[in-house]
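**Q** I have a structure I would like to understand better, so I am pasting it below and will then ask my questions one at a time.
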Amino acid sequence: MADRPQNFLAPEAQPFFFEGDEHGVLLIHGFTGSVSHMRLLGEHLHDQGFTVMGINLPGHATSVENMANYGWKDWLKASIGAYKELRSKCKYVSVSGLSMGGVLTLILAEQADLTAAAPISAPMAVQNKAMAFAGPASLFMKTVSWSSDPERQNMLIQQYDHGYTGFPTRCAVDLSHLIKMARRNLDKVICPVLAVQSHGDETISADSAEVIVNGVSSTRKEILWLDDVPHVCTISKEHEHIADEIAKHFRSAEKR
């Protein structure tokens, strides 16, 4: 992981707003990631006419040490604030998020009137051992480093892979809280939902997408299954496919 790029001054890692039509889309990155993981999706959606906003969550795209100053309330507050900003500009507002961003997407769908939601690689539980033991480890260890399979890391488009190589142990508790919060209230989601997950995702529980679609009250809900791409699938070879399916999902929701 030492060679993983962390240039948060890179253009790809900057928040963006692409003005388009009356359908606004909020994109939310994941735990320890940055808006660069959502950049390609944002560009594709904008090419299809959407107004698109991508944000960096508090404590992200700066330093691991700075991330320790923030938690779940800050990440949720920032997501709600961005949603409200888009709502003031657009007739329709849909949200898509990656990993923890997908969890935040579900919470927004539970609490606000979204046109549609598309959680991507959204964990309803995690497989990563570092995450599972981070809570207890916070008593004697400030940070934990991510472990990574170099072969799977090479499946990502490196230009857009700007994120931390570890995380503050206390923040894992905040992520766990958000997951439990989203999962507990899935039945409050009534907007159309497209859950995206890869069979090759070794970070989240294999049934996460199924838990989401089985738990929401939406009349229109489906899963887009991907093969052989990692957790951060938005910067994998499947990025255009994901964008096309999310675009169709959001457009069809305008008619409901």
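Residue numbering restarts at 1 in every chain; chains get A, B, ... in the order shown in the structure tokens, and ligands count up from 1 in that same order.
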Please identify which residues in region 77-196 of chain A DSSP calls strand (DSSP E) from the backbone, and express them as JSON, numbers by chain.
**A** {"A": [92, 93, 94, 95, 96, 97, 98, 117, 118, 119, 120, 143, 144, 145, 166, 167, 168, 193, 194, 195, 196]}
**Q** Could the residues in this selection be written to a file with N, CA and C atoms, as a PDB file, in the first residue's frame?
**A**
ATOM      1  N   TYR A  92     -35.562  17.467  -9.283  1.00  0.00           N
ATOM      2  CA  TYR A  92     -35.338  16.098  -8.830  1.00  0.00           C
ATOM      3  C   TYR A  92     -33.957  16.019  -8.179  1.00  0.00           C
ATOM      4  N   VAL A  93     -33.858  15.229  -7.113  1.00  0.00           N
ATOM      5  CA  VAL A  93     -32.551  15.006  -6.484  1.00  0.00           C
ATOM      6  C   VAL A  93     -32.408  13.520  -6.160  1.00  0.00           C
ATOM      7  N   SER A  94     -31.409  12.907  -6.752  1.00  0.00           N
ATOM      8  CA  SER A  94     -31.069  11.521  -6.466  1.00  0.00           C
ATOM      9  C   SER A  94     -29.674  11.469  -5.855  1.00  0.00           C
ATOM     10  N   VAL A  95     -29.394  10.372  -5.161  1.00  0.00           N
ATOM     11  CA  VAL A  95     -28.111  10.249  -4.471  1.00  0.00           C
ATOM     12  C   VAL A  95     -27.499   8.886  -4.749  1.00  0.00           C
ATOM     13  N   SER A  96     -26.195   8.882  -4.966  1.00  0.00           N
ATOM     14  CA  SER A  96     -25.439   7.637  -5.099  1.00  0.00           C
ATOM     15  C   SER A  96     -24.155   7.767  -4.298  1.00  0.00           C
ATOM     16  N   GLY A  97     -23.844   6.738  -3.531  1.00  0.00           N
ATOM     17  CA  GLY A  97     -22.634   6.767  -2.725  1.00  0.00           C
ATOM     18  C   GLY A  97     -21.923   5.433  -2.754  1.00  0.00           C
ATOM     19  N   LEU A  98     -20.623   5.485  -2.548  1.00  0.00           N
ATOM     20  CA  LEU A  98     -19.775   4.296  -2.548  1.00  0.00           C
ATOM     21  C   LEU A  98     -19.429   3.892  -1.124  1.00  0.00           C
ATOM     22  N   ALA A 117     -32.305   6.381  -5.301  1.00  0.00           N
ATOM     23  CA  ALA A 117     -31.048   6.143  -4.599  1.00  0.00           C
ATOM     24  C   ALA A 117     -30.304   4.994  -5.259  1.00  0.00           C
ATOM     25  N   ALA A 118     -28.966   5.103  -5.273  1.00  0.00           N
ATOM     26  CA  ALA A 118     -28.133   4.044  -5.848  1.00  0.00           C
ATOM     27  C   ALA A 118     -26.915   3.808  -4.955  1.00  0.00           C
ATOM     28  N   PRO A 119     -27.087   3.037  -3.879  1.00  0.00           N
ATOM     29  CA  PRO A 119     -25.936   2.700  -3.036  1.00  0.00           C
ATOM     30  C   PRO A 119     -25.020   1.712  -3.759  1.00  0.00           C
ATOM     31  N   ILE A 120     -23.720   1.991  -3.731  1.00  0.00           N
ATOM     32  CA  ILE A 120     -22.723   1.166  -4.417  1.00  0.00           C
ATOM     33  C   ILE A 120     -21.777   0.559  -3.382  1.00  0.00           C
ATOM     34  N   THR A 143      -4.101   4.365  15.065  1.00  0.00           N
ATOM     35  CA  THR A 143      -4.427   4.160  13.650  1.00  0.00           C
ATOM     36  C   THR A 143      -4.198   2.712  13.259  1.00  0.00           C
ATOM     37  N   VAL A 144      -4.901   2.319  12.214  1.00  0.00           N
ATOM     38  CA  VAL A 144      -4.759   0.978  11.637  1.00  0.00           C
ATOM     39  C   VAL A 144      -4.475   1.148  10.147  1.00  0.00           C
ATOM     40  N   SER A 145      -3.574   0.350   9.620  1.00  0.00           N
ATOM     41  CA  SER A 145      -3.272   0.416   8.187  1.00  0.00           C
ATOM     42  C   SER A 145      -4.132  -0.587   7.433  1.00  0.00           C
ATOM     43  N   GLY A 166      -4.759   4.044   5.678  1.00  0.00           N
ATOM     44  CA  GLY A 166      -5.155   3.581   7.004  1.00  0.00           C
ATOM     45  C   GLY A 166      -6.266   4.458   7.529  1.00  0.00           C
ATOM     46  N   PHE A 167      -6.622   4.277   8.797  1.00  0.00           N
ATOM     47  CA  PHE A 167      -7.705   5.062   9.377  1.00  0.00           C
ATOM     48  C   PHE A 167      -7.544   5.143  10.892  1.00  0.00           C
ATOM     49  N   PRO A 168      -8.069   6.205  11.506  1.00  0.00           N
ATOM     50  CA  PRO A 168      -8.071   6.284  12.967  1.00  0.00           C
ATOM     51  C   PRO A 168      -8.981   5.195  13.533  1.00  0.00           C
ATOM     52  N   VAL A 193     -34.728   2.115  -5.700  1.00  0.00           N
ATOM     53  CA  VAL A 193     -33.374   1.801  -5.228  1.00  0.00           C
ATOM     54  C   VAL A 193     -32.687   0.837  -6.193  1.00  0.00           C
ATOM     55  N   LEU A 194     -31.463   1.192  -6.587  1.00  0.00           N
ATOM     56  CA  LEU A 194     -30.595   0.300  -7.337  1.00  0.00           C
ATOM     57  C   LEU A 194     -29.364   0.053  -6.486  1.00  0.00           C
ATOM     58  N   ALA A 195     -29.212  -1.154  -5.986  1.00  0.00           N
ATOM     59  CA  ALA A 195     -28.043  -1.508  -5.170  1.00  0.00           C
ATOM     60  C   ALA A 195     -27.001  -2.154  -6.070  1.00  0.00           C
ATOM     61  N   VAL A 196     -25.794  -1.605  -6.055  1.00  0.00           N
ATOM     62  CA  VAL A 196     -24.708  -2.101  -6.915  1.00  0.00           C
ATOM     63  C   VAL A 196     -23.680  -2.824  -6.049  1.00  0.00           C
TER      64      VAL A 196
END
**Q** Select from region 10-85 of chain A every residue with an atom at most 10 Å from any atom of region 174-189 of chain A, then for each give the shortest pair of atoms and their distance in Å to one decimal, using only C-alpha atoms, rows by chain and rising number, as CSV.
**A**
residue,atom,partner,partner_atom,distance
A:Gly30,CA,A:Leu175,CA,10.0
A:Phe31,CA,A:Leu175,CA,7.6
A:Tyr70,CA,A:Asp174,CA,9.1
A:Gly71,CA,A:Asp174,CA,5.7
A:Trp72,CA,A:Asp174,CA,5.0
A:Lys73,CA,A:Asp174,CA,8.4
A:Trp75,CA,A:Asp174,CA,9.6
A:Leu76,CA,A:Leu178,CA,8.7
**Q** Take the residues from that selection and put them in a file with C-alpha atoms, as an mmCIF file, in the first residue's frame.
**A**
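Here's the written file result_16.cif:
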data_model
loop_
_atom_site.group_PDB
_atom_site.id
_atom_site.type_symbol
_atom_site.label_atom_id
_atom_site.label_comp_id
_atom_site.auth_asym_id
_atom_site.auth_seq_id
_atom_site.Cartn_x
_atom_site.Cartn_y
_atom_site.Cartn_z
ATOM 1 C CA GLY A 30 -16.508 6.107 1.119
ATOM 2 C CA PHE A 31 -14.636 5.686 4.409
ATOM 3 C CA TYR A 70 -14.549 13.910 12.818
ATOM 4 C CA GLY A 71 -17.176 11.219 13.078
ATOM 5 C CA TRP A 72 -20.532 9.957 11.857
ATOM 6 C CA LYS A 73 -22.467 13.094 12.817
ATOM 7 C CA TRP A 75 -20.330 12.953 7.703
ATOM 8 C CA LEU A 76 -24.107 12.764 7.869
#
**Q** With only C-alpha atoms as the atoms that count, which of A:Ala82, A:Val25, A:His60, A:Val216 lies nearest to Leu45 (chain A)?
**A** A:Val25
**Q** Quick one: of A:Ser99, A:Ser121, A:Ser34, A:Gln111, who's nearest to Asn56 (chain A), counting only C-alpha atoms?
**A**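 Ranking A:Ser99, A:Ser121, A:Ser34, A:Gln111 by distance to Asn56 (chain A), first place goes to A:Ser34.
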**Q** When distances are computed from only C-alpha atoms, which of A:Pro192, A:Pro230, A:Gly215, A:Gly200 shows the smallest separation from Ala253 (chain A)?
**A**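 Residue with the minimum atom-to-atom distance to Ala253 (chain A): A:Pro192.
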**Q** Nearest residue to Phe50 (chain A) out of A:Leu86, A:Leu226, A:Leu156, A:Leu108, using only C-alpha atoms?
**A** A:Leu86
**Q** Skipping near chain neighbours, those fewer than 2 positions away, what residues fall within 8 Å of Glu202 (chain A) using only C-alpha atoms, listed as a list of chain:residue names?
**A**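 Close residues of Glu202 (chain A): A:Gln127, A:Asn128, A:Gly200, A:Ile204, A:Ser205, A:Ala206, A:Pro230, A:His231.
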**Q** Mind dumping the selected residues with N, CA, C and O atoms as a short mmCIF file (atom, residue, chain, number, x, y, z; two decimals), in the first residue's frame?
**A**
data_model
loop_
_atom_site.label_atom_id
_atom_site.label_comp_id
_atom_site.auth_asym_id
_atom_site.auth_seq_id
_atom_site.Cartn_x
_atom_site.Cartn_y
_atom_site.Cartn_z
N GLN A 127 -16.47 -7.56 6.06
CA GLN A 127 -15.62 -8.75 6.16
C GLN A 127 -14.21 -8.40 6.61
O GLN A 127 -13.50 -9.25 7.11
N ASN A 128 -13.81 -7.14 6.42
CA ASN A 128 -12.44 -6.71 6.68
C ASN A 128 -12.09 -6.86 8.17
O ASN A 128 -12.73 -6.26 9.03
N GLY A 200 -16.92 -9.88 -6.54
CA GLY A 200 -15.52 -9.89 -6.16
C GLY A 200 -15.17 -8.98 -5.01
O GLY A 200 -13.99 -8.82 -4.68
N ILE A 204 -17.01 -6.09 2.02
CA ILE A 204 -18.32 -6.08 2.66
C ILE A 204 -18.94 -7.47 2.63
O ILE A 204 -18.51 -8.35 1.89
N SER A 205 -19.96 -7.67 3.46
CA SER A 205 -20.65 -8.96 3.48
C SER A 205 -21.27 -9.25 2.11
O SER A 205 -21.80 -8.35 1.45
N ALA A 206 -21.19 -10.50 1.69
CA ALA A 206 -21.61 -10.87 0.34
C ALA A 206 -23.09 -10.65 0.10
O ALA A 206 -23.53 -10.55 -1.06
N PRO A 230 -13.04 -5.02 -7.74
CA PRO A 230 -12.90 -4.80 -6.29
C PRO A 230 -13.99 -3.89 -5.72
O PRO A 230 -14.88 -3.40 -6.44
N HIS A 231 -13.86 -3.65 -4.44
CA HIS A 231 -14.81 -2.85 -3.67
C HIS A 231 -15.03 -1.46 -4.28
O HIS A 231 -16.16 -1.00 -4.44
#
**Q** Let me make sure I understand: among A:His29, A:Val35, A:Asp244, A:Ala122, which one has the smallest atom-to-atom distance to Val213 (chain A) if we use only C-alpha atoms?
**A**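 Among the listed residues, the smallest separation from Val213 (chain A) belongs to A:Ala122.
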**Q** Which neighbours of region 18-21 of chain A fall inside 6 Å, counting only C-alpha atoms, when residues of the same chain fewer than 6 positions from it are skipped, and could you give them as a list in words?
**A**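 Final neighbour list, sorted by chain and number: Gly49, Phe50, Thr51 and Val52 of chain A.
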**Q** Between A:Gln153, A:Ser252, A:Thr169, A:Ser208, which one has atoms that come closest to Cys191 (chain A), using only C-alpha atoms?
**A**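 Closest to Cys191 (chain A), using only C-alpha atoms: A:Ser252.
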**Q** Per DSSP on the backbone, filter region 42-121 of chain A down to the residues in helix (DSSP H, G or I) and report them as a compact mmCIF listing (two decimals) with all heavy atoms, in the first residue's frame.
**A**
# COMPACT_ATOMS: atom_id res chain seq x y z
N GLY A 42 -19.37 10.87 -11.90
CA GLY A 42 -19.91 12.21 -12.04
C GLY A 42 -19.81 12.73 -13.46
O GLY A 42 -20.75 13.33 -14.00
N GLU A 43 -18.67 12.49 -14.12
CA GLU A 43 -18.49 12.95 -15.49
C GLU A 43 -19.45 12.23 -16.44
O GLU A 43 -20.04 12.85 -17.34
CB GLU A 43 -17.04 12.74 -15.91
CG GLU A 43 -16.06 13.67 -15.19
CD GLU A 43 -14.62 13.39 -15.53
OE1 GLU A 43 -14.35 12.38 -16.23
OE2 GLU A 43 -13.74 14.17 -15.11
N HIS A 44 -19.62 10.94 -16.25
CA HIS A 44 -20.53 10.17 -17.11
C HIS A 44 -21.97 10.64 -16.94
O HIS A 44 -22.72 10.79 -17.92
CB HIS A 44 -20.42 8.69 -16.79
CG HIS A 44 -19.16 8.03 -17.28
ND1 HIS A 44 -18.68 8.19 -18.56
CD2 HIS A 44 -18.28 7.22 -16.66
CE1 HIS A 44 -17.56 7.50 -18.71
NE2 HIS A 44 -17.30 6.90 -17.56
N LEU A 45 -22.38 10.86 -15.70
CA LEU A 45 -23.75 11.31 -15.45
C LEU A 45 -23.98 12.71 -16.02
O LEU A 45 -25.04 13.00 -16.58
CB LEU A 45 -24.05 11.29 -13.94
CG LEU A 45 -24.15 9.90 -13.31
CD1 LEU A 45 -24.31 10.01 -11.80
CD2 LEU A 45 -25.31 9.10 -13.90
N HIS A 46 -22.98 13.56 -15.91
CA HIS A 46 -23.10 14.90 -16.48
C HIS A 46 -23.20 14.83 -18.00
O HIS A 46 -23.97 15.57 -18.63
CB HIS A 46 -21.92 15.77 -16.06
CG HIS A 46 -22.01 17.17 -16.56
ND1 HIS A 46 -21.08 17.71 -17.43
CD2 HIS A 46 -22.94 18.15 -16.35
CE1 HIS A 46 -21.42 18.95 -17.71
NE2 HIS A 46 -22.54 19.25 -17.08
N ASP A 47 -22.44 13.93 -18.60
CA ASP A 47 -22.52 13.75 -20.06
C ASP A 47 -23.93 13.35 -20.50
O ASP A 47 -24.33 13.60 -21.64
CB ASP A 47 -21.53 12.67 -20.52
CG ASP A 47 -20.09 13.15 -20.48
OD1 ASP A 47 -19.87 14.38 -20.40
OD2 ASP A 47 -19.18 12.29 -20.50
N VAL A 64 -4.80 11.39 7.68
CA VAL A 64 -5.40 10.43 8.61
C VAL A 64 -5.56 11.06 9.99
O VAL A 64 -6.56 10.85 10.68
CB VAL A 64 -4.55 9.15 8.69
CG1 VAL A 64 -5.07 8.22 9.78
CG2 VAL A 64 -4.54 8.44 7.36
N GLU A 65 -4.58 11.86 10.38
CA GLU A 65 -4.64 12.51 11.69
C GLU A 65 -5.84 13.46 11.77
O GLU A 65 -6.52 13.53 12.80
CB GLU A 65 -3.34 13.28 11.96
CG GLU A 65 -2.11 12.41 12.14
CD GLU A 65 -1.58 11.83 10.83
OE1 GLU A 65 -1.94 12.35 9.75
OE2 GLU A 65 -0.82 10.84 10.90
N ASN A 66 -6.11 14.17 10.69
CA ASN A 66 -7.25 15.09 10.68
C ASN A 66 -8.58 14.33 10.71
O ASN A 66 -9.55 14.78 11.32
CB ASN A 66 -7.20 15.97 9.43
CG ASN A 66 -8.30 17.02 9.43
OD1 ASN A 66 -8.55 17.68 10.43
ND2 ASN A 66 -8.97 17.15 8.30
N MET A 67 -8.62 13.17 10.09
CA MET A 67 -9.84 12.38 10.07
C MET A 67 -10.30 12.05 11.48
O MET A 67 -11.51 11.96 11.77
CB MET A 67 -9.63 11.10 9.26
CG MET A 67 -10.90 10.27 9.10
SD MET A 67 -10.60 8.76 8.13
CE MET A 67 -12.23 8.02 8.21
N TRP A 72 -19.33 10.23 12.65
CA TRP A 72 -20.53 9.96 11.86
C TRP A 72 -21.47 11.15 11.77
O TRP A 72 -22.10 11.38 10.73
CB TRP A 72 -21.25 8.73 12.41
CG TRP A 72 -21.96 8.92 13.72
CD1 TRP A 72 -21.45 8.69 14.96
CD2 TRP A 72 -23.32 9.34 13.92
NE1 TRP A 72 -22.40 8.96 15.93
CE2 TRP A 72 -23.55 9.36 15.32
CE3 TRP A 72 -24.35 9.72 13.06
CZ2 TRP A 72 -24.78 9.73 15.87
CZ3 TRP A 72 -25.57 10.10 13.60
CH2 TRP A 72 -25.78 10.10 14.98
N LYS A 73 -21.58 11.93 12.85
CA LYS A 73 -22.47 13.09 12.82
C LYS A 73 -22.00 14.11 11.79
O LYS A 73 -22.81 14.72 11.09
CB LYS A 73 -22.56 13.73 14.20
CG LYS A 73 -23.26 12.88 15.24
CD LYS A 73 -23.33 13.60 16.57
CE LYS A 73 -24.03 12.75 17.62
NZ LYS A 73 -24.06 13.43 18.94
N ASP A 74 -20.68 14.30 11.69
CA ASP A 74 -20.12 15.26 10.73
C ASP A 74 -20.35 14.78 9.30
O ASP A 74 -20.69 15.58 8.42
CB ASP A 74 -18.62 15.44 10.98
CG ASP A 74 -18.32 15.87 12.40
OD1 ASP A 74 -18.73 16.99 12.78
OD2 ASP A 74 -17.68 15.10 13.13
N TRP A 75 -20.17 13.49 9.06
CA TRP A 75 -20.33 12.95 7.70
C TRP A 75 -21.79 13.00 7.26
O TRP A 75 -22.09 13.34 6.12
CB TRP A 75 -19.79 11.52 7.65
CG TRP A 75 -18.37 11.43 8.12
CD1 TRP A 75 -17.39 12.39 8.01
CD2 TRP A 75 -17.75 10.34 8.80
NE1 TRP A 75 -16.21 11.97 8.57
CE2 TRP A 75 -16.39 10.71 9.06
CE3 TRP A 75 -18.17 9.08 9.21
CZ2 TRP A 75 -15.49 9.85 9.71
CZ3 TRP A 75 -17.28 8.23 9.86
CH2 TRP A 75 -15.96 8.62 10.10
N LEU A 76 -22.68 12.71 8.20
CA LEU A 76 -24.11 12.76 7.87
C LEU A 76 -24.56 14.21 7.67
O LEU A 76 -25.30 14.51 6.73
CB LEU A 76 -24.93 12.10 8.97
CG LEU A 76 -26.44 12.07 8.76
CD1 LEU A 76 -26.81 11.43 7.44
CD2 LEU A 76 -27.13 11.37 9.93
N LYS A 77 -24.08 15.11 8.52
CA LYS A 77 -24.43 16.52 8.39
C LYS A 77 -23.98 17.09 7.05
O LYS A 77 -24.72 17.83 6.38
CB LYS A 77 -23.81 17.33 9.54
CG LYS A 77 -24.16 18.81 9.52
CD LYS A 77 -23.52 19.54 10.70
CE LYS A 77 -23.85 21.03 10.66
NZ LYS A 77 -23.21 21.75 11.81
N ALA A 78 -22.77 16.75 6.63
CA ALA A 78 -22.25 17.23 5.35
C ALA A 78 -23.08 16.69 4.19
O ALA A 78 -23.36 17.41 3.22
CB ALA A 78 -20.79 16.81 5.18
N SER A 79 -23.51 15.44 4.29
CA SER A 79 -24.32 14.83 3.23
C SER A 79 -25.69 15.49 3.15
O SER A 79 -26.19 15.79 2.05
CB SER A 79 -24.47 13.33 3.49
OG SER A 79 -23.21 12.70 3.52
N ILE A 80 -26.29 15.74 4.31
CA ILE A 80 -27.60 16.40 4.34
C ILE A 80 -27.49 17.82 3.78
O ILE A 80 -28.35 18.28 3.01
CB ILE A 80 -28.15 16.43 5.77
CG1 ILE A 80 -28.50 15.00 6.23
CG2 ILE A 80 -29.38 17.33 5.87
CD1 ILE A 80 -28.88 14.90 7.70
N GLY A 81 -26.42 18.53 4.15
CA GLY A 81 -26.21 19.88 3.66
C GLY A 81 -26.07 19.94 2.15
O GLY A 81 -26.64 20.80 1.47
N ALA A 82 -25.32 18.99 1.58
CA ALA A 82 -25.15 18.93 0.13
C ALA A 82 -26.47 18.59 -0.56
O ALA A 82 -26.80 19.15 -1.60
CB ALA A 82 -24.08 17.91 -0.22
N TYR A 83 -27.23 17.67 0.04
CA TYR A 83 -28.54 17.32 -0.51
C TYR A 83 -29.45 18.55 -0.54
O TYR A 83 -30.12 18.83 -1.56
CB TYR A 83 -29.19 16.22 0.32
CG TYR A 83 -30.68 16.12 0.11
CD1 TYR A 83 -31.21 15.53 -1.03
CD2 TYR A 83 -31.57 16.66 1.04
CE1 TYR A 83 -32.58 15.47 -1.23
CE2 TYR A 83 -32.93 16.60 0.85
CZ TYR A 83 -33.44 16.00 -0.29
OH TYR A 83 -34.80 15.96 -0.49
N LYS A 84 -29.47 19.31 0.54
CA LYS A 84 -30.32 20.50 0.60
C LYS A 84 -29.90 21.54 -0.42
O LYS A 84 -30.76 22.22 -1.01
CB LYS A 84 -30.30 21.09 2.01
CG LYS A 84 -31.04 20.24 3.05
CD LYS A 84 -31.03 20.89 4.42
CE LYS A 84 -31.85 20.10 5.42
NZ LYS A 84 -31.81 20.70 6.78
N GLU A 85 -28.60 21.67 -0.63
CA GLU A 85 -28.11 22.62 -1.64
C GLU A 85 -28.60 22.22 -3.03
O GLU A 85 -29.07 23.07 -3.80
CB GLU A 85 -26.59 22.69 -1.61
CG GLU A 85 -26.02 23.70 -2.60
CD GLU A 85 -24.52 23.83 -2.53
OE1 GLU A 85 -23.92 23.31 -1.56
OE2 GLU A 85 -23.95 24.43 -3.46
N LEU A 86 -28.52 20.93 -3.35
CA LEU A 86 -29.01 20.47 -4.65
C LEU A 86 -30.53 20.63 -4.74
O LEU A 86 -31.06 20.99 -5.80
CB LEU A 86 -28.64 19.00 -4.85
CG LEU A 86 -27.37 18.69 -5.64
CD1 LEU A 86 -27.21 17.19 -5.80
CD2 LEU A 86 -27.36 19.38 -6.99
N ARG A 87 -31.22 20.35 -3.65
CA ARG A 87 -32.68 20.47 -3.63
C ARG A 87 -33.11 21.90 -3.94
O ARG A 87 -34.16 22.13 -4.58
CB ARG A 87 -33.21 20.02 -2.27
CG ARG A 87 -34.70 20.22 -2.03
CD ARG A 87 -35.55 19.49 -3.03
NE ARG A 87 -35.49 18.05 -2.89
CZ ARG A 87 -36.02 17.20 -3.76
NH1 ARG A 87 -36.60 17.66 -4.86
NH2 ARG A 87 -35.93 15.91 -3.58
N MET A 100 -19.18 3.53 2.52
CA MET A 100 -19.84 4.34 3.55
C MET A 100 -20.73 5.39 2.92
O MET A 100 -21.78 5.75 3.47
CB MET A 100 -18.81 4.99 4.48
CG MET A 100 -19.45 5.80 5.63
SD MET A 100 -18.26 6.52 6.77
CE MET A 100 -17.71 7.95 5.81
N GLY A 101 -20.34 5.89 1.75
CA GLY A 101 -21.19 6.83 1.02
C GLY A 101 -22.51 6.20 0.63
O GLY A 101 -23.55 6.86 0.57
N GLY A 102 -22.49 4.88 0.36
CA GLY A 102 -23.72 4.16 0.07
C GLY A 102 -24.60 4.04 1.30
O GLY A 102 -25.83 4.11 1.22
N VAL A 103 -23.97 3.86 2.45
CA VAL A 103 -24.71 3.83 3.72
C VAL A 103 -25.35 5.19 3.98
O VAL A 103 -26.53 5.28 4.36
CB VAL A 103 -23.77 3.44 4.88
CG1 VAL A 103 -24.47 3.54 6.22
CG2 VAL A 103 -23.23 2.02 4.67
N LEU A 104 -24.59 6.26 3.76
CA LEU A 104 -25.14 7.61 3.91
C LEU A 104 -26.26 7.86 2.91
O LEU A 104 -27.25 8.54 3.22
CB LEU A 104 -24.02 8.64 3.74
CG LEU A 104 -23.00 8.70 4.87
CD1 LEU A 104 -21.75 9.48 4.45
CD2 LEU A 104 -23.61 9.34 6.12
N THR A 105 -26.14 7.29 1.71
CA THR A 105 -27.20 7.39 0.70
C THR A 105 -28.49 6.79 1.24
O THR A 105 -29.58 7.38 1.11
CB THR A 105 -26.79 6.66 -0.58
OG1 THR A 105 -25.66 7.32 -1.16
CG2 THR A 105 -27.92 6.62 -1.60
N LEU A 106 -28.40 5.64 1.87
CA LEU A 106 -29.58 4.98 2.42
C LEU A 106 -30.19 5.80 3.56
O LEU A 106 -31.41 5.92 3.67
CB LEU A 106 -29.21 3.58 2.90
CG LEU A 106 -28.88 2.57 1.80
CD1 LEU A 106 -28.28 1.31 2.40
CD2 LEU A 106 -30.13 2.24 0.98
N ILE A 107 -29.34 6.38 4.40
CA ILE A 107 -29.86 7.20 5.50
C ILE A 107 -30.57 8.43 4.94
O ILE A 107 -31.64 8.82 5.44
CB ILE A 107 -28.72 7.59 6.46
CG1 ILE A 107 -28.17 6.33 7.15
CG2 ILE A 107 -29.22 8.59 7.51
CD1 ILE A 107 -26.95 6.58 8.01
N LEU A 108 -30.01 9.06 3.92
CA LEU A 108 -30.68 10.18 3.27
C LEU A 108 -32.03 9.74 2.70
O LEU A 108 -33.03 10.46 2.81
CB LEU A 108 -29.81 10.77 2.17
CG LEU A 108 -28.63 11.64 2.61
CD1 LEU A 108 -27.80 12.06 1.39
CD2 LEU A 108 -29.10 12.87 3.35
N ALA A 109 -32.06 8.57 2.09
CA ALA A 109 -33.31 8.06 1.52
C ALA A 109 -34.34 7.78 2.61
O ALA A 109 -35.55 7.88 2.38
CB ALA A 109 -33.04 6.79 0.72
N GLU A 110 -33.87 7.44 3.80
CA GLU A 110 -34.76 7.19 4.93
C GLU A 110 -35.32 8.49 5.51
O GLU A 110 -36.45 8.52 6.01
CB GLU A 110 -34.01 6.43 6.03
CG GLU A 110 -33.62 5.02 5.64
CD GLU A 110 -32.55 4.40 6.53
OE1 GLU A 110 -32.11 5.06 7.50
OE2 GLU A 110 -32.14 3.27 6.26
N GLN A 111 -34.53 9.55 5.40
CA GLN A 111 -34.88 10.80 6.08
C GLN A 111 -35.40 11.90 5.16
O GLN A 111 -36.02 12.85 5.64
CB GLN A 111 -33.66 11.33 6.84
CG GLN A 111 -33.16 10.41 7.94
CD GLN A 111 -32.01 10.99 8.73
OE1 GLN A 111 -31.55 12.10 8.45
NE2 GLN A 111 -31.53 10.26 9.72
**Q** List the neighbours of Val229 (chain A) out to 12 Å using only C-alpha atoms; skip same-chain residues closer than 3 positions along the sequence, and give me the result as a list in words.
**A**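 Once the nearby chain positions are removed, what remains is Ser121, Glu151, Arg152, Gln153, Asn154, Met155, Leu156, Ile157, Val196, Gln197, Ser198, His199, Gly200, Asp201, Glu202, Thr203, Trp225, Leu226, Val232, Cys233, Thr234, Ile235, Ser236, Lys237, Glu238, His239 and Ile242 of chain A.
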